[in-house]
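start-v1.txt, holding compact mmCIF, C-alpha atoms:
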# COMPACT_ATOMS: atom_id res chain seq x y z
CA MET M 117 137.63 -9.19 70.06
CA SER M 118 134.55 -7.27 69.05
CA THR M 119 131.16 -8.86 69.73
CA ASN M 120 127.77 -8.53 68.01
CA PRO M 121 124.67 -9.35 70.12
CA THR M 122 122.50 -9.91 67.04
CA PRO M 123 123.19 -12.12 64.04
CA PRO M 124 124.25 -10.43 60.82
CA ARG M 125 121.49 -9.99 58.23
CA GLY M 126 121.26 -12.93 55.89
CA VAL M 127 122.73 -15.43 58.40
CA ALA M 128 120.43 -18.43 58.72
CA ILE M 129 119.45 -19.79 62.14
CA ALA M 130 121.26 -23.03 61.34
CA ASP M 131 124.56 -21.10 61.02
CA TRP M 132 124.42 -20.17 64.70
CA ASP M 133 126.01 -23.54 65.56
CA ASP M 134 129.25 -22.45 63.91
CA LEU M 135 129.02 -18.94 65.36
CA PHE M 136 128.57 -20.17 68.95
CA SER M 137 131.40 -22.68 68.60
CA ALA M 138 133.73 -19.98 67.29
CA VAL M 139 132.79 -17.56 70.08
CA LYS M 140 133.31 -20.14 72.82
CA ALA M 141 136.65 -21.28 71.41
CA ARG M 142 137.85 -17.71 71.12
CA LEU M 143 136.66 -16.91 74.65
CA LYS M 144 138.49 -19.90 76.19
CA LEU M 145 141.65 -19.14 74.28
CA THR M 146 141.62 -15.53 75.43
CA VAL M 147 141.09 -16.53 79.08
CA ASP M 148 143.87 -19.10 78.98
CA GLU M 149 146.28 -16.57 77.55
CA TRP M 150 145.32 -13.99 80.16
CA VAL M 151 145.63 -16.46 83.05
CA THR M 152 149.07 -17.57 81.90
CA ALA M 153 150.28 -13.99 81.64
CA SER M 154 148.81 -13.04 85.03
CA ALA M 155 149.88 -16.06 87.10
CA ALA M 156 153.08 -14.40 88.32
CA VAL M 157 151.23 -11.22 89.25
CA ASP M 158 148.30 -12.90 91.03
CA PRO M 159 149.63 -15.84 93.02
CA LYS M 160 146.58 -16.05 95.30
CA GLY M 161 144.24 -17.29 92.55
CA ALA M 162 142.59 -14.15 91.25
CA ALA M 163 143.20 -15.26 87.70
CA ALA M 164 141.66 -18.62 88.44
CA ARG M 165 138.51 -16.94 89.74
CA VAL M 166 138.32 -14.83 86.60
CA ARG M 167 138.70 -17.95 84.52
CA GLU M 168 135.94 -19.65 86.50
CA GLY M 169 133.60 -16.71 85.91
CA VAL M 170 134.32 -16.65 82.20
CA LEU M 171 133.72 -20.38 81.99
CA GLU M 172 130.36 -19.86 83.71
CA CYS M 173 129.58 -17.36 80.96
CA ALA M 174 130.58 -19.97 78.40
CA GLY M 175 128.18 -22.39 80.10
CA ALA M 176 125.44 -19.83 79.87
CA LEU M 177 126.23 -19.48 76.21
CA ASP M 178 125.84 -23.26 75.88
CA GLN M 179 122.39 -23.04 77.45
CA LEU M 180 121.46 -20.14 75.19
CA HIS M 181 122.71 -22.11 72.22
CA ALA M 182 120.61 -25.12 73.20
CA THR M 183 117.55 -22.92 73.71
CA LEU M 184 118.03 -21.24 70.35
CA ALA M 185 118.52 -24.59 68.63
CA HIS M 186 115.36 -25.91 70.28
CA GLU M 187 113.38 -22.83 69.23
CA ALA M 188 114.75 -23.06 65.69
CA GLU M 189 113.66 -26.70 65.49
CA ARG M 190 110.23 -25.85 66.91
CA ARG M 191 109.86 -23.00 64.44
CA GLN M 192 110.75 -25.29 61.58
CA ARG M 193 108.16 -27.83 62.74
CA LEU M 194 105.53 -25.09 63.01
CA GLU M 195 106.35 -23.81 59.53
CA LEU M 196 105.99 -27.33 58.16
CA GLU M 197 102.70 -27.78 60.00
CA VAL M 198 101.41 -24.44 58.66
CA PHE M 199 102.47 -25.40 55.15
CA ASP M 200 100.80 -28.82 55.45
CA THR M 201 97.65 -27.14 56.81
CA GLN M 202 97.61 -24.65 53.93
CA VAL M 203 98.00 -27.49 51.42
CA ALA M 204 95.23 -29.49 53.10
CA LEU M 205 92.98 -26.41 53.20
CA ALA M 206 93.60 -25.70 49.50
CA GLN M 207 92.80 -29.33 48.68
CA ALA M 208 89.64 -29.19 50.81
CA ARG M 209 88.52 -26.00 49.08
CA ALA M 210 89.16 -27.53 45.66
CA GLU M 211 87.24 -30.67 46.63
CA LEU M 212 84.38 -28.59 48.03
CA ALA M 213 84.23 -26.49 44.85
CA GLU M 214 84.21 -29.64 42.72
CA THR M 215 81.51 -31.18 44.91
CA ARG M 216 79.34 -28.08 44.60
CA ALA M 217 79.92 -27.97 40.85
CA ALA M 218 79.02 -31.66 40.59
CA GLU M 219 75.86 -31.06 42.63
CA GLN M 220 74.91 -28.15 40.38
CA ARG M 221 75.54 -30.27 37.29
CA ALA M 222 73.49 -33.10 38.76
CA LEU M 223 70.64 -30.75 39.64
CA HIS M 224 70.73 -29.18 36.19
CA THR M 225 70.92 -32.59 34.49
CA GLY M 226 68.05 -33.94 36.57
CA ALA M 227 65.89 -30.88 35.94
CA HIS M 228 66.54 -30.49 32.20
CA ASP M 229 65.86 -32.65 29.19
CA ALA M 230 69.12 -34.10 27.86
CA LEU M 231 68.11 -33.79 24.20
CA THR M 232 66.71 -30.25 24.01
CA LEU M 233 68.22 -28.80 27.24
CA LEU M 234 64.78 -27.42 28.10
CA PRO M 235 63.28 -27.93 31.58
CA ALA M 236 61.96 -31.48 31.90
CA ARG M 237 58.39 -32.35 32.90
CA GLY M 238 59.04 -32.64 36.64
CA PHE M 239 60.93 -29.35 36.86
CA PHE M 240 58.34 -27.59 34.68
CA ARG M 241 55.52 -28.87 36.91
CA ASP M 242 57.38 -27.69 40.01
CA ARG M 243 57.81 -24.22 38.49
CA LEU M 244 54.11 -24.17 37.60
CA GLN M 245 53.17 -25.10 41.19
CA HIS M 246 55.48 -22.39 42.50
CA VAL M 247 53.90 -19.76 40.25
CA LEU M 248 50.38 -20.80 41.25
CA ALA M 249 51.28 -20.75 44.94
CA ARG M 250 52.67 -17.25 44.51
CA ALA M 251 49.37 -16.16 42.92
CA GLU M 252 47.42 -16.95 46.10
CA PRO M 253 45.45 -15.62 47.91
CA ARG M 254 44.60 -13.23 45.08
CA PRO M 255 44.32 -15.38 41.98
CA GLN M 256 45.99 -13.81 39.00
CA ALA M 257 45.80 -15.11 35.48
CA VAL M 258 48.43 -17.68 34.54
CA THR M 259 48.30 -19.23 31.08
CA LEU M 260 49.59 -22.61 29.96
CA LEU M 261 50.12 -23.57 26.31
CA TYR M 262 50.44 -27.30 25.62
CA LEU M 263 51.90 -28.26 22.23
CA ASP M 264 52.70 -31.46 20.39
CA LEU M 265 53.98 -32.23 16.88
CA ASP M 266 51.91 -33.85 14.14
CA GLY M 267 54.00 -35.90 11.74
CA LEU M 268 57.01 -36.81 13.90
CA LYS M 269 56.23 -40.53 14.01
CA PRO M 270 56.43 -41.02 10.20
CA ILE M 271 59.73 -39.11 10.14
CA ASN M 272 61.18 -41.45 12.78
CA GLU M 273 59.94 -44.48 10.87
CA VAL M 274 61.25 -43.37 7.48
CA HIS M 275 64.43 -41.45 8.34
CA GLY M 276 65.37 -42.87 11.73
CA HIS M 277 65.32 -41.60 15.30
CA ASP M 278 68.57 -39.65 14.92
CA THR M 279 66.82 -37.45 12.37
CA GLY M 280 63.80 -37.20 14.65
CA ASP M 281 66.00 -36.17 17.57
CA GLU M 282 67.68 -33.48 15.50
CA LEU M 283 64.25 -32.23 14.45
CA LEU M 284 63.20 -32.00 18.11
CA ARG M 285 66.33 -30.00 18.94
CA ILE M 286 65.58 -27.55 16.14
CA VAL M 287 61.93 -27.19 17.16
CA ALA M 288 62.93 -26.66 20.81
CA ALA M 289 65.34 -23.89 19.80
CA ARG M 290 62.66 -22.25 17.67
CA LEU M 291 60.14 -22.37 20.50
CA ALA M 292 62.60 -20.88 22.99
CA ARG M 293 63.31 -17.98 20.64
CA THR M 294 59.64 -17.26 19.94
CA VAL M 295 58.40 -16.46 23.45
CA ARG M 296 59.62 -13.62 25.63
CA SER M 297 62.38 -14.17 28.15
CA ASP M 298 60.15 -14.34 31.24
CA ALA M 299 58.18 -17.29 29.85
CA ILE M 300 59.18 -20.84 30.83
CA VAL M 301 59.42 -23.40 28.01
CA GLY M 302 59.65 -27.09 28.86
CA ARG M 303 59.62 -30.50 27.19
CA LEU M 304 56.90 -32.64 28.76
CA GLY M 305 57.19 -35.77 26.60
CA SER M 306 58.65 -37.23 23.42
CA ASP M 307 57.08 -34.57 21.14
CA GLU M 308 55.20 -32.54 23.75
CA PHE M 309 56.19 -29.04 24.88
CA ALA M 310 54.61 -26.45 27.17
CA PHE M 311 54.79 -22.69 27.78
CA LEU M 312 54.10 -21.01 31.11
CA LEU M 313 53.14 -17.34 30.89
CA THR M 314 52.92 -15.46 34.18
CA GLU M 315 51.92 -12.10 32.72
CA VAL M 316 48.98 -13.15 30.65
CA PRO M 317 48.11 -11.10 27.59
CA SER M 318 44.59 -10.69 26.27
CA ARG M 319 42.82 -13.53 24.49
CA GLU M 320 43.50 -11.81 21.19
CA ARG M 321 47.23 -11.63 21.91
CA LEU M 322 47.23 -15.26 23.02
CA SER M 323 45.70 -16.17 19.69
CA HIS M 324 48.39 -14.15 17.95
CA LEU M 325 51.09 -15.95 19.97
CA ALA M 326 49.59 -19.34 19.11
CA CYS M 327 49.57 -18.40 15.40
CA SER M 328 53.20 -17.31 15.65
CA LEU M 329 54.11 -20.66 17.20
CA LEU M 330 52.23 -22.47 14.46
CA GLU M 331 54.11 -20.55 11.81
CA VAL M 332 57.53 -20.98 13.45
CA VAL M 333 57.18 -24.72 14.07
CA SER M 334 55.62 -25.44 10.67
CA ALA M 335 58.41 -23.74 8.73
CA PRO M 336 60.55 -26.24 6.74
CA LEU M 337 63.50 -27.78 8.58
CA LYS M 338 66.75 -28.61 6.84
CA ILE M 339 68.53 -31.69 8.25
CA GLY M 340 71.37 -32.77 6.03
CA GLU M 341 69.93 -33.23 2.56
CA LEU M 342 66.41 -33.59 3.93
CA GLU M 343 63.78 -30.86 4.07
CA LEU M 344 61.12 -31.81 6.59
CA ARG M 345 57.99 -30.27 8.06
CA VAL M 346 55.93 -30.90 11.16
CA ARG M 347 52.79 -29.14 12.33
CA PRO M 348 51.89 -28.43 15.94
CA SER M 349 48.60 -28.68 17.78
CA ILE M 350 48.34 -26.18 20.64
CA GLY M 351 46.01 -26.20 23.62
CA ILE M 352 45.54 -23.11 25.81
CA ALA M 353 44.28 -23.10 29.42
CA THR M 354 44.19 -20.27 31.95
CA TYR M 355 44.37 -20.25 35.76
CA PRO M 356 42.15 -20.07 37.73
CA THR M 357 39.29 -20.40 35.23
CA ASP M 358 40.42 -23.68 33.64
CA GLY M 359 42.19 -25.23 36.62
CA ALA M 360 43.13 -24.34 40.20
CA THR M 361 46.16 -26.66 40.51
CA ALA M 362 49.17 -27.47 38.39
CA GLU M 363 47.87 -30.95 37.51
CA ALA M 364 44.41 -29.60 36.68
CA LEU M 365 45.84 -26.89 34.45
CA LEU M 366 48.08 -29.40 32.64
CA LYS M 367 45.06 -31.64 32.04
CA THR M 368 42.84 -28.87 30.70
CA ALA M 369 45.62 -27.55 28.43
CA ASP M 370 46.15 -31.10 27.18
CA ALA M 371 42.42 -31.46 26.56
CA ALA M 372 42.47 -28.21 24.58
CA ARG M 373 45.39 -29.60 22.56
CA HIS M 374 43.33 -32.68 21.68
CA LEU M 375 40.48 -30.38 20.65
CA ALA M 376 42.82 -28.46 18.34
CA LYS M 377 44.12 -31.72 16.84
CA GLN M 378 40.66 -33.16 16.27
CA SER M 379 39.25 -29.97 14.81
CA ARG M 380 42.45 -29.27 12.84
CA THR M 381 42.34 -25.63 13.89
CA GLY M 382 46.00 -25.50 14.89
CA TYR M 383 45.18 -24.18 18.36
CA ALA M 384 42.22 -24.12 20.74
CA PHE M 385 41.25 -22.66 24.11
CA PHE M 386 39.95 -25.07 26.73
CA ASP M 387 36.65 -23.22 27.10
CA GLU M 388 35.83 -23.66 23.40
CA ARG M 389 33.20 -26.30 22.80
CA ALA M 390 31.69 -24.94 19.57
CA GLU M 391 32.62 -25.85 16.02
CA PRO M 392 36.15 -24.93 14.95
CA ARG M 393 36.62 -21.24 14.32
CA VAL M 394 39.25 -21.68 11.63
CA THR M 395 41.05 -24.38 9.76
CA SER M 396 44.72 -25.08 10.45
CA GLU M 397 45.61 -23.39 7.17
CA THR M 398 43.68 -20.27 8.19
CA ALA M 399 45.50 -20.22 11.57
CA LEU M 400 48.82 -20.13 9.80
CA ASP M 401 47.73 -17.12 7.77
CA HIS M 402 47.13 -14.90 10.87
Kindly present the structure from the file in structure tokens form.
Amino acid sequence: MSTNPTPPRGVAIADWDDLFSAVKARLKLTVDEWVTASAAVDPKGAAARVREGVLECAGALDQLHATLAHEAERRQRLELEVFDTQVALAQARAELAETRAAEQRALHTGAHDALTLLPARGFFRDRLQHVLARAEPRPQAVTLLYLDLDGLKPINEVHGHDTGDELLRIVAARLARTVRSDAIVGRLGSDEFAFLLTEVPSRERLSHLACSLLEVVSAPLKIGELELRVRPSIGIATYPTDGATAEALLKTADAARHLAKQSRTGYAFFDERAEPRVTSETALDH
């Protein structure tokens, strides 16, 4: 009988049970046949000793079989444990990714206005404080434009708040498109918006920007069958001249906005205390 010390390719570990049983049965049968044939030739028990040695080999095969079966079982348990660990790790990664995504959504939701998707007042103030802190110890000019809408209240009263909300969304989109990408635009209140400019242009260019905002916001808005118009009042304040902190700068820009509203000039700088330079109509013609 030919023997093979290694299992044939493709034979599963579990099939070794049958292989070992077949080998042992064949080995015992061969020994018995040999002993029977040799009994007359070897009366002093040589055949018996050979049989005993072969049976010891068969016992060793039993031990090897048991060891292999034990190792196969242990390997199967390890493979199952590895698989379970991989599944648990994949689930943990998915849960971690979802948690991080939820945190990011929560942070974004908390920092942005739900209606216009612009930064909300708290987030805008934090950004302003950050910019001012970065400007120290060498103060550099930072400009704040504070804007509100004249005429929104009557629109809400006549056409409803849904129409007013849609108007605010349109105005917010117009404002975001008007300023350059490095400017921060936020919604500070119901109809109040602000712009933070970190690379401040000249006073003349600020006036031009304010006139552009006036023109953009005052353009007719189409909401369903309605054609509506609102007009902004814009206050302009500059750091560090008009305020050394975020709160101070917000207050001075708000005061300039009130000045623009009262004087009906469309926009005003905080340091202006004289009579209005232009009328709101003139501002729109710049």
Counting all atoms listed in the file, which of M:Leu365, M:Leu337, M:Ala360, M:Leu284 gets nearest to Ser306 (chain M)?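 Looking at the shortest contact to Ser306 (chain M), the residue is M:Leu284.
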Hey, which of M:Leu329, M:Ile300, M:Ala188, M:Ala257 ends up closest to Arg241 (chain M)? Count only C-alpha atoms. M:Ile300
Considering only C-alpha atoms, state which residue in the set M:Leu344, M:Ala227, M:Leu194, M:Ile271 is at the smallest distance from Asp242 (chain M).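 For Asp242 (chain M), the nearest of the given residues is M:Ala227.
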Select, from M:Asp264, M:Ala364, M:Arg296, M:Glu341, the residue with the minimum atom-to-atom distance to Tyr383 (chain M), counting only C-alpha atoms. M:Asp264
So the first atom is CA of Ser297 (chain M) and the second is CA of Thr279 (chain M); what is the distance between them in Å, to one decimal place?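 The value is 28.5 Å.
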If you count all atoms listed in the file, which residues fall within 9 Å of Leu261 (chain M), apart from same-chain ones fewer than 2 positions away, as a PyMOL selection string? chain M and resi 259+263+309-313+326+350-354+366+369-370+373
Rounded to one decimal, what separation in Å do you get between CA of Arg237 (chain M) and CA of Ala299 (chain M)?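 Straight-line distance from CA of Arg237 (chain M) to CA of Ala299 (chain M) works out to 15.4 Å.
We find CA of Thr232 (chain M) and CA of Ile339 (chain M) to be spaced 15.9 Å apart.
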Which one is closest to Arg243 (chain M): M:Glu320, M:Arg285, M:Ala371, M:Val301? Count all atoms listed in the file.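 Closest candidate: M:Val301.
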Calculated over only C-alpha atoms, which of the candidates M:Ala182, M:Leu244, M:Ala236, M:Leu342 has the smallest distance to His275 (chain M)? M:Leu342
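By all atoms listed in the file, and with residues fewer than 4 positions from Ala372 (chain M) along its chain excluded, the set lying at most 6 Å from it is Gly351, Ala384, Phe385 and Phe386 of chain M.
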Just the residues within 8 Å of region 167-174 of chain M, please, counting all atoms listed in the file, with nothing from its chain fewer than 5 positions along; format it as a list of chain:residue names.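 Near region 167-174 of chain M, the qualifying residues are M:Lys140, M:Leu143, M:Lys144, M:Val147, M:Asp148, M:Val151.
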When you get a chance, write out N, CA and C atoms for region 358-383 of chain M, as a CSV table (one decimal), keeping the file's coordinate frame.
chain,number,residue,atom,x,y,z
M,358,ASP,N,40.4,-22.3,34.2
M,358,ASP,CA,40.4,-23.7,33.6
M,358,ASP,C,41.1,-24.7,34.5
M,359,GLY,N,41.5,-24.3,35.7
M,359,GLY,CA,42.2,-25.2,36.6
M,359,GLY,C,42.8,-24.5,37.8
M,360,ALA,N,42.6,-25.0,39.0
M,360,ALA,CA,43.1,-24.3,40.2
M,360,ALA,C,44.4,-24.9,40.7
M,361,THR,N,44.9,-26.1,40.1
M,361,THR,CA,46.2,-26.7,40.5
M,361,THR,C,47.0,-26.9,39.3
M,362,ALA,N,48.3,-27.2,39.5
M,362,ALA,CA,49.2,-27.5,38.4
M,362,ALA,C,48.7,-28.7,37.6
M,363,GLU,N,48.3,-29.8,38.2
M,363,GLU,CA,47.9,-31.0,37.5
M,363,GLU,C,46.6,-30.7,36.7
M,364,ALA,N,45.7,-29.9,37.4
M,364,ALA,CA,44.4,-29.6,36.7
M,364,ALA,C,44.7,-28.7,35.5
M,365,LEU,N,45.6,-27.8,35.6
M,365,LEU,CA,45.8,-26.9,34.4
M,365,LEU,C,46.5,-27.7,33.3
M,366,LEU,N,47.4,-28.6,33.7
M,366,LEU,CA,48.1,-29.4,32.6
M,366,LEU,C,47.0,-30.3,31.9
M,367,LYS,N,46.1,-30.8,32.7
M,367,LYS,CA,45.1,-31.6,32.0
M,367,LYS,C,44.2,-30.8,31.1
M,368,THR,N,43.7,-29.7,31.6
M,368,THR,CA,42.8,-28.9,30.7
M,368,THR,C,43.6,-28.4,29.5
M,369,ALA,N,44.9,-28.0,29.6
M,369,ALA,CA,45.6,-27.6,28.4
M,369,ALA,C,45.8,-28.7,27.5
M,370,ASP,N,46.0,-29.9,28.0
M,370,ASP,CA,46.2,-31.1,27.2
M,370,ASP,C,44.8,-31.4,26.5
M,371,ALA,N,43.7,-31.2,27.2
M,371,ALA,CA,42.4,-31.5,26.6
M,371,ALA,C,42.2,-30.4,25.4
M,372,ALA,N,42.6,-29.2,25.6
M,372,ALA,CA,42.5,-28.2,24.6
M,372,ALA,C,43.4,-28.6,23.4
M,373,ARG,N,44.5,-29.2,23.7
M,373,ARG,CA,45.4,-29.6,22.6
M,373,ARG,C,44.7,-30.7,21.7
M,374,HIS,N,44.1,-31.6,22.4
M,374,HIS,CA,43.3,-32.7,21.7
M,374,HIS,C,42.2,-32.1,20.8
M,375,LEU,N,41.5,-31.1,21.4
M,375,LEU,CA,40.5,-30.4,20.6
M,375,LEU,C,41.0,-29.7,19.4
M,376,ALA,N,42.2,-29.1,19.5
M,376,ALA,CA,42.8,-28.5,18.3
M,376,ALA,C,43.2,-29.5,17.3
M,377,LYS,N,43.7,-30.7,17.8
M,377,LYS,CA,44.1,-31.7,16.8
M,377,LYS,C,42.9,-32.3,16.1
M,378,GLN,N,41.9,-32.6,16.9
M,378,GLN,CA,40.7,-33.2,16.3
M,378,GLN,C,40.0,-32.2,15.3
M,379,SER,N,39.9,-30.9,15.7
M,379,SER,CA,39.2,-30.0,14.8
M,379,SER,C,40.2,-29.4,13.7
M,380,ARG,N,41.5,-29.7,13.8
M,380,ARG,CA,42.4,-29.3,12.8
M,380,ARG,C,42.4,-27.7,12.7
M,381,THR,N,42.3,-27.1,13.9
M,381,THR,CA,42.3,-25.6,13.9
M,381,THR,C,43.7,-25.1,14.2
M,382,GLY,N,44.7,-26.0,14.5
M,382,GLY,CA,46.0,-25.5,14.9
M,382,GLY,C,46.1,-25.2,16.4
M,383,TYR,N,45.2,-24.5,16.9
M,383,TYR,CA,45.2,-24.2,18.4
M,383,TYR,C,43.8,-24.1,18.8
